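input39.txt follows (compact mmCIF, C-alpha atoms):
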# COMPACT_ATOMS: atom_id res chain seq x y z
CA MET S 30 50.25 82.58 57.09
CA ALA S 31 51.75 79.50 55.55
CA ASP S 32 53.15 76.90 57.89
CA LEU S 33 56.59 77.08 56.28
CA ILE S 34 58.30 77.47 59.62
CA GLU S 35 57.28 76.37 63.07
CA ILE S 36 58.25 77.63 66.49
CA TRP S 37 61.49 75.83 67.30
CA PRO S 38 61.17 73.03 69.86
CA VAL S 39 63.32 74.84 72.39
CA GLY S 40 62.40 77.14 75.23
CA ILE S 41 61.61 80.75 74.43
CA GLN S 42 64.47 82.02 76.57
CA GLU S 43 66.96 79.62 74.99
CA ARG S 44 65.88 80.61 71.49
CA GLU S 45 66.13 84.26 72.43
CA ARG S 46 69.64 83.82 73.82
CA LYS S 47 71.07 81.50 71.17
CA MET S 48 69.34 82.68 68.01
CA CYS S 49 67.42 85.95 68.24
CA ARG S 50 70.16 87.91 70.00
CA PRO S 51 72.92 86.94 67.55
CA LEU S 52 70.62 87.84 64.67
CA ARG S 53 69.90 91.24 66.20
CA ARG S 54 73.61 91.85 66.68
CA ALA S 55 73.95 91.25 62.95
CA GLY S 56 71.10 93.70 62.34
CA LEU S 57 68.23 91.32 61.67
CA GLU S 58 65.04 91.42 63.73
CA MET S 59 63.01 88.23 63.51
CA VAL S 60 59.30 88.60 62.61
CA PRO S 61 57.79 85.33 63.91
CA ASP S 62 55.05 83.37 62.16
CA ALA S 63 54.86 85.83 59.24
CA VAL S 64 55.99 83.93 56.13
CA PRO S 65 53.51 84.83 53.33
CA ASP S 66 51.14 82.16 52.06
CA GLY S 67 52.29 80.42 48.89
CA THR S 68 55.97 81.15 49.41
CA MET S 69 58.31 78.95 47.41
CA PRO S 70 59.67 76.50 50.04
CA VAL S 71 63.26 76.56 48.79
CA VAL S 72 65.27 77.75 45.79
CA TRP S 73 67.63 75.06 44.59
CA GLY S 74 69.32 73.95 41.40
CA TYR S 75 69.48 77.26 39.54
CA GLY S 76 71.80 77.57 36.54
CA ARG S 77 73.76 80.35 34.91
CA GLU S 78 70.77 81.23 32.77
CA ASP S 79 68.80 82.03 35.94
CA VAL S 80 71.34 84.45 37.42
CA ALA S 81 70.37 88.08 36.77
CA ASP S 82 73.05 89.84 38.81
CA GLY S 83 75.69 89.27 41.46
CA PHE S 84 79.25 89.87 42.57
CA SER S 85 82.37 88.06 43.78
CA HIS S 86 85.28 89.00 46.02
CA ARG S 87 88.47 87.08 46.73
CA TYR S 88 89.46 86.60 50.35
CA GLU S 89 92.52 88.83 49.96
CA THR S 90 90.34 91.80 48.96
CA PRO S 91 91.19 94.79 51.21
CA ARG S 92 88.44 95.58 53.73
CA LEU S 93 86.65 92.44 52.61
CA VAL S 94 83.73 92.55 55.07
CA GLU S 95 83.01 96.19 54.29
CA ARG S 96 83.06 95.53 50.55
CA LEU S 97 80.82 92.50 50.93
CA ASN S 98 78.32 94.42 53.07
CA ASN S 99 78.19 97.36 50.68
CA ASP S 100 77.74 95.19 47.60
CA TRP S 101 75.13 93.02 49.32
CA TYR S 102 73.06 96.07 50.25
CA ASP S 103 73.32 97.55 46.75
CA LEU S 104 72.20 94.22 45.30
CA ALA S 105 69.39 93.86 47.85
CA VAL S 106 68.04 97.30 46.95
CA SER S 107 68.49 97.08 43.16
CA SER S 108 67.01 93.57 42.91
CA GLY S 109 64.00 94.28 45.13
CA LEU S 110 64.87 91.94 47.99
CA LEU S 111 63.77 94.48 50.62
CA ASP S 112 60.18 95.67 50.87
CA HIS S 113 59.15 99.13 52.12
CA ARG S 114 59.72 97.97 55.71
CA ARG S 115 63.13 96.51 54.82
CA GLU S 116 61.73 93.02 55.43
CA PHE S 117 62.60 89.85 53.57
CA LEU S 118 63.00 86.10 54.11
CA VAL S 119 66.13 84.24 55.19
CA MET S 120 66.60 80.48 55.34
CA LEU S 121 67.35 79.41 58.92
CA PRO S 122 67.54 76.07 60.74
CA GLN S 123 64.47 74.89 62.62
CA GLY S 124 66.41 74.72 65.83
CA ILE S 125 69.44 76.53 67.15
CA ARG S 126 72.19 74.93 65.10
CA THR S 127 74.47 77.43 63.38
CA HIS S 128 75.59 77.41 59.77
CA ARG S 129 79.01 76.21 60.91
CA GLU S 130 77.48 73.28 62.79
CA ALA S 131 75.34 72.40 59.78
CA LEU S 132 78.46 72.19 57.61
CA GLN S 133 80.11 69.99 60.20
CA ASP S 134 77.07 67.71 60.18
CA THR S 135 77.39 67.32 56.42
CA HIS S 136 81.14 66.70 56.62
CA TRP S 137 80.73 63.98 59.25
CA GLY S 138 77.78 62.34 57.52
CA ARG S 139 75.17 63.41 60.08
CA ARG S 140 71.67 64.48 59.14
CA PRO S 141 71.52 68.30 59.19
CA ALA S 142 68.82 70.29 60.96
CA PRO S 143 65.71 71.02 58.84
CA MET S 144 65.68 74.46 57.23
CA ALA S 145 62.82 76.87 56.52
CA TRP S 146 62.19 80.53 55.71
CA THR S 147 62.00 83.08 58.50
CA ARG S 148 60.81 86.64 58.02
CA VAL S 149 63.28 89.27 59.20
CA ARG S 150 63.59 93.06 59.23
CA LEU S 151 66.87 94.80 58.42
CA LEU S 152 67.67 97.22 61.24
CA GLU S 153 69.40 100.56 60.82
CA ARG S 154 72.69 99.17 62.07
CA TRP S 155 73.64 95.84 60.54
CA ASP S 156 76.65 93.69 59.65
CA ILE S 157 75.52 90.72 57.58
CA MET S 158 78.95 89.71 56.28
CA GLY S 159 80.81 90.28 59.55
CA ARG S 160 78.81 89.57 62.69
CA GLY S 161 76.14 87.76 60.72
CA ALA S 162 78.61 85.37 59.12
CA ALA S 163 80.49 84.91 62.39
CA SER S 164 77.70 84.20 64.84
CA ALA S 165 74.22 84.54 63.39
CA PHE S 166 73.63 81.47 61.23
CA LEU S 167 74.75 83.30 58.08
CA GLY S 168 78.20 81.86 57.52
CA ILE S 169 81.31 80.22 58.92
CA ARG S 170 83.12 83.29 60.23
CA ALA S 171 83.44 86.99 59.43
CA GLY S 172 84.17 87.41 55.74
CA HIS S 173 83.10 83.81 55.03
CA PRO S 174 79.29 84.10 54.67
CA GLY S 175 76.80 81.56 53.43
CA PHE S 176 73.04 82.14 53.23
CA SER S 177 69.83 82.10 51.21
CA MET S 178 67.46 85.09 51.12
CA MET S 179 64.25 85.82 49.23
CA ALA S 180 61.84 88.72 48.78
CA LEU S 181 58.49 88.42 50.54
CA ASP S 182 56.72 88.12 47.17
CA SER S 183 59.24 85.48 45.94
CA SER S 184 60.25 87.82 43.10
CA VAL S 185 63.97 87.55 43.78
CA TYR S 186 66.33 85.12 45.48
CA ILE S 187 69.82 86.02 46.70
CA GLY S 188 72.25 83.24 47.49
CA CYS S 189 75.74 83.53 48.97
CA SER S 190 78.37 80.81 48.99
CA THR S 191 81.90 80.59 50.35
CA GLY S 192 84.34 78.90 48.01
CA GLU S 193 88.04 78.05 48.02
CA ILE S 194 89.24 81.44 46.83
CA GLY S 195 86.43 83.85 47.61
CA VAL S 196 82.79 84.73 48.16
CA ASP S 197 80.14 84.55 45.43
CA VAL S 198 76.73 86.21 45.67
CA VAL S 199 74.04 85.79 43.00
CA ALA S 200 70.57 87.19 42.43
CA VAL S 201 67.92 85.08 40.69
CA ARG S 202 64.77 86.91 39.61
CA HIS S 203 61.43 85.07 39.67
CA PRO S 204 62.87 81.68 40.69
CA ASP S 205 59.33 80.27 40.75
CA ARG S 206 59.18 80.71 36.97
CA SER S 207 62.46 78.98 36.14
CA LYS S 208 61.92 75.67 34.34
CA GLY S 209 65.32 74.45 35.48
CA ILE S 210 64.65 75.21 39.13
CA LEU S 211 61.19 73.64 38.95
CA ARG S 212 62.64 70.45 37.47
CA GLN S 213 65.21 70.28 40.27
CA LEU S 214 62.52 70.80 42.92
CA GLU S 215 60.45 67.97 41.47
CA TRP S 216 63.51 65.73 41.67
CA LEU S 217 64.24 66.88 45.23
CA ALA S 218 60.65 66.20 46.31
CA SER S 219 60.98 62.54 45.32
CA TRP S 220 64.64 61.91 46.18
CA ASP S 221 65.31 59.27 48.83
CA GLY S 222 68.72 59.73 50.42
CA HIS S 223 70.55 59.86 53.73
CA PHE S 224 70.20 63.64 54.05
CA THR S 225 66.59 63.81 52.89
CA ASP S 226 64.54 66.45 54.73
CA ARG S 227 61.11 64.79 54.73
CA GLU S 228 59.25 67.86 55.96
CA LEU S 229 60.83 70.02 53.26
CA GLN S 230 59.92 67.40 50.66
CA LYS S 231 56.30 67.58 51.78
CA ARG S 232 56.28 71.37 51.54
CA ILE S 233 57.81 71.24 48.07
CA ALA S 234 55.26 68.66 46.92
CA VAL S 235 52.36 70.74 48.22
CA TRP S 236 53.74 73.89 46.62
CA LEU S 237 54.30 72.18 43.27
CA ALA S 238 50.83 70.64 43.37
CA GLY S 239 49.35 74.11 43.79
CA ARG S 240 50.77 75.23 40.48
CA ALA S 241 48.63 74.99 37.34
CA PRO S 242 49.53 73.58 34.94
CA SER S 243 51.90 71.26 36.75
CA ALA S 244 55.58 72.06 36.99
CA ALA S 245 56.29 68.83 35.14
CA SER S 246 54.29 69.82 32.07
CA GLN S 247 55.86 73.30 32.11
CA SER S 248 59.39 71.96 32.35
CA GLY S 249 58.80 69.54 29.52
CA GLN S 250 57.79 72.22 27.02
Go through the file and emit its structure as structure tokens.
Amino acid sequence: MADLIEIWPVGIQERERKMCRPLRRAGLEMVPDAVPDGTMPVVWGYGREDVADGFSHRYETPRLVERLNNDWYDLAVSSGLLDHRREFLVMLPQGIRTHREALQDTHWGRRPAPMAWTRVRLLERWDIMGRGAASAFLGIRAGHPGFSMMALDSSVYIGCSTGEIGVDVVAVRHPDRSKGILRQLEWLASWDGHFTDRELQKRIAVWLAGRAPSAASQSGQ
């Protein structure tokens, strides 16, 4: 398996208590050390032309969490996010910092925790947009989710963002074939800034180098 995510540098019991248990309460069972080889390290910089499907709900929508959960599952099934075992990838911090803490880091100008894909299995009982958003690294609070997910074969990416007036969820099919996304990844791999994730940059560079012809020549066509 690709070394896209490492065992977090915390004790097993601490990781179980602070990360694995909240994820299970949200209905996600972690599958450790099982990210497929050749997985795209991150999906970033997609444009409108890349979005194949999605949905939006304003915060005042009645039964917001229920609507978000139902629409997320319909999108996950129709887009092919879930495999036959209901497994997929979710971007999680390499550590035990929550999504809320990561946003606070950004707001206060601190370097956020490195992120990487983790393989998870969707359990029979789940609540991605409620418990997941509230306490399992998938948002700020119930009804205010934020996450990145991808199919095991990298064929579809689903991103969720929390805005000023509502929640937006998009599905991008075959992000590894998007010229716009590839151009943005090349820029990200060489960018030198305060929030630069050096390990992620290395993974992006290795992944791009493994493509033939190069992403640069593809994007310039």
Quick one: residues within 12 Å of (85.5, 92.2, 55.2) (file frame), counting all atoms listed in the file, please, as a PDB file with C-alpha atoms, keeping the file's coordinate frame.
ATOM      1  CA  HIS S  86      85.280  89.000  46.020  1.00  0.00           C
ATOM      2  CA  ARG S  87      88.470  87.080  46.730  1.00  0.00           C
ATOM      3  CA  TYR S  88      89.460  86.600  50.350  1.00  0.00           C
ATOM      4  CA  GLU S  89      92.520  88.830  49.960  1.00  0.00           C
ATOM      5  CA  THR S  90      90.340  91.800  48.960  1.00  0.00           C
ATOM      6  CA  PRO S  91      91.190  94.790  51.210  1.00  0.00           C
ATOM      7  CA  ARG S  92      88.440  95.580  53.730  1.00  0.00           C
ATOM      8  CA  LEU S  93      86.650  92.440  52.610  1.00  0.00           C
ATOM      9  CA  VAL S  94      83.730  92.550  55.070  1.00  0.00           C
ATOM     10  CA  GLU S  95      83.010  96.190  54.290  1.00  0.00           C
ATOM     11  CA  ARG S  96      83.060  95.530  50.550  1.00  0.00           C
ATOM     12  CA  LEU S  97      80.820  92.500  50.930  1.00  0.00           C
ATOM     13  CA  ASN S  98      78.320  94.420  53.070  1.00  0.00           C
ATOM     14  CA  ASN S  99      78.190  97.360  50.680  1.00  0.00           C
ATOM     15  CA  ASP S 100      77.740  95.190  47.600  1.00  0.00           C
ATOM     16  CA  TRP S 101      75.130  93.020  49.320  1.00  0.00           C
ATOM     17  CA  ASP S 156      76.650  93.690  59.650  1.00  0.00           C
ATOM     18  CA  ILE S 157      75.520  90.720  57.580  1.00  0.00           C
ATOM     19  CA  MET S 158      78.950  89.710  56.280  1.00  0.00           C
ATOM     20  CA  GLY S 159      80.810  90.280  59.550  1.00  0.00           C
ATOM     21  CA  ARG S 160      78.810  89.570  62.690  1.00  0.00           C
ATOM     22  CA  GLY S 161      76.140  87.760  60.720  1.00  0.00           C
ATOM     23  CA  ALA S 162      78.610  85.370  59.120  1.00  0.00           C
ATOM     24  CA  ALA S 163      80.490  84.910  62.390  1.00  0.00           C
ATOM     25  CA  ARG S 170      83.120  83.290  60.230  1.00  0.00           C
ATOM     26  CA  ALA S 171      83.440  86.990  59.430  1.00  0.00           C
ATOM     27  CA  GLY S 172      84.170  87.410  55.740  1.00  0.00           C
ATOM     28  CA  HIS S 173      83.100  83.810  55.030  1.00  0.00           C
ATOM     29  CA  PRO S 174      79.290  84.100  54.670  1.00  0.00           C
ATOM     30  CA  GLY S 195      86.430  83.850  47.610  1.00  0.00           C
ATOM     31  CA  VAL S 196      82.790  84.730  48.160  1.00  0.00           C
TER      32      VAL S 196
END
- prompt: Mind pulling up the distance from atom CA of Asp221 of chain S to atom CA of Met178 of chain S?
  reply: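 Rounded to one decimal, the two atoms are 26.0 Å apart.
The space separating atom CA of Phe176 of chain S from atom CA of Met120 of chain S comes to 7.0 Å.
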query: With only C-alpha atoms as the basis for distance, which of S:Met69, S:Leu52, S:Met144, S:Val201 is at the shortest distance from Arg240 of chain S?
result: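 Checking each of S:Met69, S:Leu52, S:Met144, S:Val201 against Arg240 of chain S, counting only C-alpha atoms, the winner is S:Met69.
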query: When distances are computed from all atoms listed in the file, which of S:Arg115, S:Arg212, S:Arg227, S:Arg150 shows the smallest separation from Met59 of chain S?
result: S:Arg150
- request: Measuring atom to atom with all atoms listed in the file, identify which of S:Gln213, S:Ser219, S:Ser177, S:Ser164 is nearest to Trp146 of chain S.
  value: S:Ser177
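Each of S:Arg206, S:Arg232, S:Arg53, S:Arg77 was checked against Pro143 of chain S using all atoms listed in the file; the smallest atom-to-atom distance is that of S:Arg232.
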Point (65.5, 64.9, 46.6) neighbourhood (12 Å, all atoms listed in the file) written as a list of chain:residue names: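 Returned residue set, sorted by chain then number, is S:Trp73, S:Gly74, S:Arg212, S:Gln213, S:Leu214, S:Glu215, S:Trp216, S:Leu217, S:Ala218, S:Ser219, S:Trp220, S:Asp221, S:Gly222, S:His223, S:Phe224, S:Thr225, S:Asp226, S:Arg227, S:Glu228, S:Leu229, S:Gln230, S:Lys231, S:Ile233, S:Ala234.
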message: My list of candidates is S:Gly56, S:Gly109, S:Pro61, S:Gly83. Which is closest to Gly188 of chain S when distances are computed with only C-alpha atoms?
response: S:Gly83
- request: Identify which of the residues S:Leu237, S:Leu211, S:Val119, S:Leu151 lies closest to Cys189 of chain S, counting all atoms listed in the file when measuring atom-to-atom distances.
  value: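 Ranking S:Leu237, S:Leu211, S:Val119, S:Leu151 by distance to Cys189 of chain S, first place goes to S:Val119.
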query: In Å, with one decimal, what is the gap from atom CA of Ala180 of chain S to atom CA of Pro70 of chain S?
result: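 Rounded to one decimal, the two atoms are 12.5 Å apart.
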Within 10 Å of Val60 of chain S using only C-alpha atoms, minus same-chain residues under 6 positions, as a list of chain:residue names: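 In the requested format, the answer is S:Glu116, S:Phe117, S:Leu118, S:Thr147, S:Arg148, S:Val149, S:Arg150.
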Expected file contents, prior selection, C-alpha atoms, as a compact mmCIF listing (two decimals), in the coordinates of the input:
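Now in again21.txt:
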# COMPACT_ATOMS: atom_id res chain seq x y z
CA GLU S 116 61.73 93.02 55.43
CA PHE S 117 62.60 89.85 53.57
CA LEU S 118 63.00 86.10 54.11
CA THR S 147 62.00 83.08 58.50
CA ARG S 148 60.81 86.64 58.02
CA VAL S 149 63.28 89.27 59.20
CA ARG S 150 63.59 93.06 59.23
message: So that I can see what lies close to Ser108 of chain S, please list as a PyMOL selection string the residues with an atom at most 12 Å from it, counting all atoms listed in the file and leaving out residues fewer than 4 positions away in the same chain.
response: chain S and resi 80-83+100-104+112+178-180+183-187+199-203
